[in-house]
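Pasted below: input30.txt, compact mmCIF, C-alpha atoms.
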```
# COMPACT_ATOMS: atom_id res chain seq x y z
CA MET A 5 -39.61 -63.13 111.76
CA ILE A 6 -41.93 -62.53 114.73
CA SER A 7 -40.16 -61.41 117.91
CA MET A 8 -40.94 -63.54 120.96
CA GLU A 9 -39.73 -60.84 123.32
CA LYS A 10 -42.22 -59.38 125.77
CA THR A 11 -42.55 -55.61 125.99
CA ILE A 12 -42.15 -53.73 129.25
CA TYR A 13 -43.53 -50.20 129.18
CA CYS A 14 -41.25 -47.97 131.26
CA ILE A 15 -42.10 -44.68 132.99
CA SER A 16 -39.19 -42.80 134.51
CA GLY A 17 -39.12 -40.77 137.70
CA LEU A 18 -39.95 -37.08 137.94
CA GLY A 19 -37.58 -34.96 135.86
CA ALA A 20 -35.84 -38.02 134.37
CA ASP A 21 -36.05 -39.71 130.97
CA GLU A 22 -35.27 -43.05 129.31
CA LYS A 23 -31.55 -42.84 130.17
CA ILE A 24 -32.40 -43.91 133.72
CA PHE A 25 -33.24 -47.39 132.33
CA LYS A 26 -30.04 -47.86 130.31
CA ASN A 27 -28.54 -50.42 132.73
CA LEU A 28 -31.62 -52.66 132.69
CA LEU A 29 -30.64 -55.66 130.55
CA LEU A 30 -33.45 -58.20 130.60
CA ASP A 31 -33.29 -61.40 128.54
CA GLY A 32 -36.48 -61.98 126.59
CA PHE A 33 -37.81 -58.46 127.11
CA GLN A 34 -37.72 -55.24 125.17
CA LEU A 35 -38.15 -51.93 126.98
CA LYS A 36 -40.40 -49.26 125.55
CA TYR A 37 -40.20 -45.84 127.18
CA ILE A 38 -43.35 -43.76 127.65
CA SER A 39 -42.41 -40.09 127.40
CA TRP A 40 -43.74 -37.54 129.84
CA LEU A 41 -46.53 -35.29 128.58
CA LYS A 42 -47.14 -31.64 129.29
CA PRO A 43 -49.85 -31.45 131.98
CA LEU A 44 -53.06 -29.72 131.01
CA LYS A 45 -54.44 -26.90 133.10
CA ARG A 46 -55.88 -28.26 136.39
CA GLU A 47 -55.34 -31.82 135.16
CA ARG A 48 -55.46 -34.50 137.86
CA ILE A 49 -53.15 -37.49 138.00
CA GLN A 50 -55.95 -39.88 136.95
CA ASP A 51 -56.61 -38.01 133.70
CA TYR A 52 -52.90 -37.57 133.06
CA ALA A 53 -52.41 -41.33 133.45
CA SER A 54 -55.18 -41.91 130.90
CA ARG A 55 -53.26 -39.86 128.36
CA MET A 56 -50.00 -41.66 129.17
CA ALA A 57 -51.77 -45.00 128.66
CA LEU A 58 -52.55 -44.08 125.05
CA SER A 59 -48.91 -44.97 124.27
CA ILE A 60 -49.55 -48.60 125.30
CA SER A 61 -50.44 -50.82 122.36
CA HIS A 62 -50.60 -54.21 124.14
CA ASN A 63 -53.50 -55.81 125.97
CA LYS A 64 -52.63 -56.59 129.60
CA PRO A 65 -49.23 -54.91 129.36
CA ILE A 66 -46.28 -55.13 131.73
CA VAL A 67 -45.69 -51.66 133.16
CA LEU A 68 -42.57 -50.54 135.03
CA GLY A 69 -42.62 -47.21 136.86
CA VAL A 70 -39.92 -45.50 138.91
CA SER A 71 -40.78 -43.15 141.79
CA PHE A 72 -43.50 -40.77 140.47
CA GLY A 73 -43.61 -42.97 137.37
CA GLY A 74 -44.70 -45.85 139.62
CA MET A 75 -47.59 -43.76 140.91
CA ILE A 76 -48.60 -43.10 137.31
CA GLY A 77 -48.31 -46.86 136.72
CA ILE A 78 -50.79 -47.53 139.54
CA GLU A 79 -53.21 -45.02 138.08
CA ILE A 80 -52.88 -46.73 134.67
CA ALA A 81 -53.53 -50.13 136.29
CA LYS A 82 -56.79 -48.73 137.66
CA GLN A 83 -57.92 -48.09 134.11
CA MET A 84 -56.68 -51.17 132.24
CA LYS A 85 -55.75 -54.72 133.18
CA VAL A 86 -52.01 -55.24 133.41
CA GLU A 87 -50.07 -58.49 133.36
CA LYS A 88 -47.66 -57.07 135.92
CA LEU A 89 -47.09 -53.69 137.47
CA ILE A 90 -43.51 -53.21 138.65
CA ILE A 91 -42.77 -50.16 140.78
CA VAL A 92 -39.28 -49.14 141.88
CA SER A 93 -38.38 -46.58 144.59
CA CYS A 94 -42.05 -45.73 144.88
CA ILE A 95 -45.03 -45.75 147.21
CA LYS A 96 -48.28 -47.67 146.73
CA SER A 97 -50.70 -45.51 148.70
CA ALA A 98 -51.08 -42.13 150.36
CA LYS A 99 -50.40 -43.79 153.72
CA GLU A 100 -46.84 -44.55 152.60
CA LEU A 101 -46.04 -40.89 151.97
CA PRO A 102 -43.57 -39.52 154.56
CA ARG A 103 -45.38 -37.48 157.20
CA TRP A 104 -43.70 -34.22 156.19
CA MET A 105 -45.01 -34.69 152.63
CA ARG A 106 -48.56 -35.27 153.84
CA VAL A 107 -48.36 -32.14 156.02
CA ALA A 108 -46.87 -30.10 153.16
CA GLY A 109 -49.66 -31.22 150.85
CA LYS A 110 -52.39 -30.51 153.38
CA MET A 111 -51.03 -27.02 154.08
CA LYS A 112 -50.26 -26.40 150.39
CA LEU A 113 -46.68 -25.51 151.30
CA ASN A 114 -45.47 -26.70 147.89
CA LYS A 115 -47.10 -23.59 146.38
CA PHE A 116 -44.46 -21.49 148.13
CA LEU A 117 -41.43 -23.63 147.31
CA PRO A 118 -39.21 -22.96 144.26
CA THR A 119 -38.94 -25.80 141.75
CA GLY A 120 -35.80 -24.56 140.00
CA SER A 121 -32.30 -25.94 140.46
CA TYR A 122 -29.98 -24.03 142.78
CA LYS A 123 -26.28 -24.70 143.15
CA PHE A 124 -26.26 -24.32 146.94
CA THR A 125 -28.88 -27.09 147.35
CA GLU A 126 -27.41 -29.57 144.85
CA LYS A 127 -25.26 -31.44 147.38
CA ILE A 128 -28.23 -31.87 149.72
CA ASP A 129 -30.51 -32.94 146.87
CA ASN A 130 -27.90 -35.37 145.52
CA ASN A 131 -27.51 -36.93 148.94
CA ARG A 132 -31.25 -37.44 149.29
CA ILE A 133 -31.48 -39.01 145.84
CA GLY A 134 -28.54 -41.29 146.60
CA ILE A 135 -26.02 -40.23 143.96
CA THR A 136 -22.69 -42.03 144.40
CA THR A 137 -20.68 -41.46 141.20
CA GLY A 138 -19.65 -38.61 138.94
CA GLU A 139 -21.62 -40.14 136.07
CA GLU A 140 -24.81 -40.06 138.14
CA ARG A 141 -24.05 -36.50 139.26
CA GLU A 142 -23.66 -35.28 135.67
CA MET A 143 -26.80 -37.09 134.54
CA VAL A 144 -28.91 -35.56 137.30
CA LYS A 145 -27.38 -32.13 136.65
CA ALA A 146 -28.46 -32.41 133.01
CA TYR A 147 -31.98 -33.40 134.11
CA ARG A 148 -32.18 -30.33 136.34
CA LYS A 149 -31.18 -28.02 133.50
CA SER A 150 -33.72 -29.47 131.07
CA ALA A 151 -36.64 -29.98 133.48
CA ASP A 152 -39.88 -28.13 132.76
CA PRO A 153 -40.71 -26.06 135.89
CA HIS A 154 -44.44 -26.24 135.13
CA HIS A 155 -44.32 -30.03 134.91
CA LEU A 156 -42.31 -30.25 138.16
CA GLU A 157 -44.73 -27.97 139.99
CA TRP A 158 -47.72 -29.97 138.77
CA ALA A 159 -46.15 -33.36 139.60
CA ILE A 160 -45.01 -32.33 143.09
CA ASN A 161 -48.53 -31.16 143.87
CA GLU A 162 -49.98 -34.48 142.65
CA VAL A 163 -47.49 -36.47 144.76
CA LEU A 164 -48.19 -34.51 147.94
CA ASN A 165 -51.96 -34.74 147.45
CA TRP A 166 -52.23 -38.31 146.15
CA LYS A 167 -55.28 -39.96 147.75
CA ASN A 168 -54.73 -43.48 146.45
CA ASP A 169 -55.47 -46.49 148.69
CA TRP A 170 -55.63 -49.14 145.92
CA GLN A 171 -53.08 -51.38 144.25
CA PRO A 172 -53.38 -54.26 141.79
CA GLU A 173 -52.89 -57.80 143.09
CA ASN A 174 -50.09 -58.45 140.59
CA ILE A 175 -47.87 -55.59 141.74
CA ILE A 176 -44.12 -56.03 142.32
CA HIS A 177 -42.50 -53.40 144.52
CA ILE A 178 -38.69 -53.07 144.58
CA HIS A 179 -37.18 -50.65 147.07
CA GLY A 180 -33.83 -49.70 148.57
CA ASP A 181 -33.46 -49.81 152.34
CA GLN A 182 -31.56 -46.49 152.29
CA ASP A 183 -34.10 -44.57 150.21
CA LYS A 184 -34.32 -41.04 151.67
CA ILE A 185 -37.16 -39.85 149.45
CA PHE A 186 -39.61 -42.63 150.35
CA PRO A 187 -38.17 -44.35 153.47
CA VAL A 188 -38.59 -48.12 153.34
CA LYS A 189 -40.09 -48.28 156.85
CA LYS A 190 -43.23 -46.62 155.46
CA THR A 191 -43.58 -49.16 152.65
CA LYS A 192 -44.02 -52.92 152.31
CA PRO A 193 -41.91 -53.86 149.28
CA THR A 194 -41.87 -57.22 147.56
CA TYR A 195 -38.07 -57.03 147.32
CA ILE A 196 -35.66 -54.91 149.35
CA ILE A 197 -32.21 -54.02 148.03
CA LYS A 198 -29.68 -53.73 150.85
CA ASP A 199 -27.91 -50.36 150.94
CA GLY A 200 -30.03 -49.27 147.98
CA THR A 201 -30.93 -45.61 147.55
CA HIS A 202 -33.54 -43.83 145.43
CA MET A 203 -31.20 -44.40 142.44
CA ILE A 204 -31.39 -48.21 142.44
CA ILE A 205 -32.98 -48.33 138.97
CA TYR A 206 -29.65 -47.01 137.68
CA ASN A 207 -26.92 -48.18 140.06
CA ARG A 208 -28.40 -51.52 141.19
CA ALA A 209 -29.93 -52.53 137.87
CA LYS A 210 -28.52 -56.09 137.89
CA GLU A 211 -30.36 -56.92 141.10
CA ILE A 212 -33.55 -55.34 139.82
CA CYS A 213 -33.28 -57.42 136.63
CA LYS A 214 -32.92 -60.55 138.75
CA PHE A 215 -36.07 -59.75 140.74
CA ILE A 216 -38.05 -58.94 137.58
CA GLU A 217 -36.97 -62.16 135.84
CA GLN A 218 -37.97 -64.15 138.94
CA ALA A 219 -41.38 -62.51 139.12
CA ILE A 220 -42.38 -62.71 135.44
```
Show how you would write the structure in this file as structure tokens.
Amino acid sequence: MISMEKTIYCISGLGADEKIFKNLLLDGFQLKYISWLKPLKRERIQDYASRMALSISHNKPIVLGVSFGGMIGIEIAKQMKVEKLIIVSCIKSAKELPRWMRVAGKMKLNKFLPTGSYKFTEKIDNNRIGITTGEEREMVKAYRKSADPHHLEWAINEVLNWKNDWQPENIIHIHGDQDKIFPVKKTKPTYIIKDGTHMIIYNRAKEICKFIEQAI
């Protein structure tokens, strides 16, 4: 029997994996997670996105990207036609980067910052991400332990130095109004989730499902 479900290709945020999508329950859709790849030496985000896109087997796919995964989604949409591009807790252009990130990228300050996880910064980091429950805290702690420092260093550099000023017409942008990573005042989302943090893909999944079902 042929499945009539549509496929949504999902790209998680930096340091995360498919578990971040576990609360997304969409009728008529199946979620397919695109795993992160190991960056090649001096690889730029455009070429990295090309390699990620090799996991997509549909013409005009629906792509869903969270945070850095949304930026990868935009780079994929530059290279192939997509039915819809859905980005969550993300930015659409370099102009939407917080000023401190643009300055850090310009001055290459990220080269001097550690990418490892440190116990004394966890509370601050958790607050910025928007963690509200013990389950979320344990999940993020596990991500920190398993994260590849080389991949983190590469991705942070690509975020801070992203030069994009393009977006597809069929983009859907969902954002929380309390996002401390990418403040909503710098962005122009399609849908805003009240009191939503950078973790809305996980802790506000029902609302995100509603917006996606409305848009597709």
I'd like the neighbourhood of Lys189 in chain A as a list in words, where a residue qualifies if any of its atoms comes within 12 Å (using only C-alpha atoms), though same-chain residues fewer than 2 positions away should be ignored.
Ile95, Lys99, Glu100, Leu101, Pro102, His179, Gly180, Asp181, Gln182, Asp183, Lys184, Ile185, Phe186, Pro187, Thr191, Lys192, Pro193 and Ile196 of chain A
Go ahead and save the residues from that selection, with C-alpha atoms, as a compact mmCIF listing (two decimals), in the frame of the given file.
```
# COMPACT_ATOMS: atom_id res chain seq x y z
CA ILE A 95 -45.03 -45.75 147.21
CA LYS A 99 -50.40 -43.79 153.72
CA GLU A 100 -46.84 -44.55 152.60
CA LEU A 101 -46.04 -40.89 151.97
CA PRO A 102 -43.57 -39.52 154.56
CA HIS A 179 -37.18 -50.65 147.07
CA GLY A 180 -33.83 -49.70 148.57
CA ASP A 181 -33.46 -49.81 152.34
CA GLN A 182 -31.56 -46.49 152.29
CA ASP A 183 -34.10 -44.57 150.21
CA LYS A 184 -34.32 -41.04 151.67
CA ILE A 185 -37.16 -39.85 149.45
CA PHE A 186 -39.61 -42.63 150.35
CA PRO A 187 -38.17 -44.35 153.47
CA THR A 191 -43.58 -49.16 152.65
CA LYS A 192 -44.02 -52.92 152.31
CA PRO A 193 -41.91 -53.86 149.28
CA ILE A 196 -35.66 -54.91 149.35
```
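The neighbours of range 42-54 of chain A here are the residues that come within 6 Å of it, using only C-alpha atoms and leaving out any residue fewer than 3 positions away in the same chain; they are Ala57, Ile76, Glu79 and Ile80 of chain A.
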Which polymer residues, whether protein, DNA or RNA, lie within 9 Å of the coordinate (-36.9, -57.6, 127.9) when you count only C-alpha atoms? List them as a ChimeraX atom specification, using the chain letters and numbers from the file.
/A:9-12,28-35
Mind checking which residues fall within 10 Å of Lys96 in chain A, counting only C-alpha atoms, ignoring those fewer than 5 positions away in the same chain, and posting them as a PDB file with C-alpha atoms, in the frame of the given file?
```
ATOM      1  CA  GLY A  74     -44.700 -45.850 139.620  1.00  0.00           C
ATOM      2  CA  MET A  75     -47.590 -43.760 140.910  1.00  0.00           C
ATOM      3  CA  ILE A  78     -50.790 -47.530 139.540  1.00  0.00           C
ATOM      4  CA  ILE A  91     -42.770 -50.160 140.780  1.00  0.00           C
ATOM      5  CA  LEU A 101     -46.040 -40.890 151.970  1.00  0.00           C
ATOM      6  CA  ASN A 168     -54.730 -43.480 146.450  1.00  0.00           C
ATOM      7  CA  ASP A 169     -55.470 -46.490 148.690  1.00  0.00           C
ATOM      8  CA  TRP A 170     -55.630 -49.140 145.920  1.00  0.00           C
ATOM      9  CA  GLN A 171     -53.080 -51.380 144.250  1.00  0.00           C
ATOM     10  CA  PRO A 172     -53.380 -54.260 141.790  1.00  0.00           C
ATOM     11  CA  ILE A 175     -47.870 -55.590 141.740  1.00  0.00           C
ATOM     12  CA  HIS A 177     -42.500 -53.400 144.520  1.00  0.00           C
ATOM     13  CA  THR A 191     -43.580 -49.160 152.650  1.00  0.00           C
ATOM     14  CA  LYS A 192     -44.020 -52.920 152.310  1.00  0.00           C
ATOM     15  CA  PRO A 193     -41.910 -53.860 149.280  1.00  0.00           C
TER      16      PRO A 193
END
```
Just want the 8 Å neighbourhood of range 127-144 of chain A, counted on only C-alpha atoms, with same-chain residues fewer than 3 positions away dropped. Output as a list in words.
Ala20, Phe124, Tyr147, Arg148, Asp183, Lys184, Ile185, Thr201, His202 and Met203 of chain A
Could you list, as a ChimeraX atom specification, every residue within 8 Å of Leu18 in chain A, counting all atoms listed in the file and ignoring same-chain residues fewer than 3 positions away?
/A:71-73,156,159
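CA of Tyr13 in chain A sits 6.6 Å away from CA of Ile38 in chain A.
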Just give me the residues with any atom within 12 Å of (-35.3, -28.0, 132.9), file coordinates, counting all atoms listed in the file, written as number ranges by chain.
A: 18-21, 119-122, 144-157
Do you have the CA of Asn165 in chain A-CA of Trp104 in chain A distance handy?
12.0 Å
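Of note, CA of Met56 in chain A and CA of Ile90 in chain A are spaced 16.3 Å apart.
Nearest-residue note for Leu41 in chain A: choosing from A:Arg103, A:Lys167, A:Trp158, A:Asn27, the minimum distance belongs to A:Trp158, counting all atoms listed in the file.
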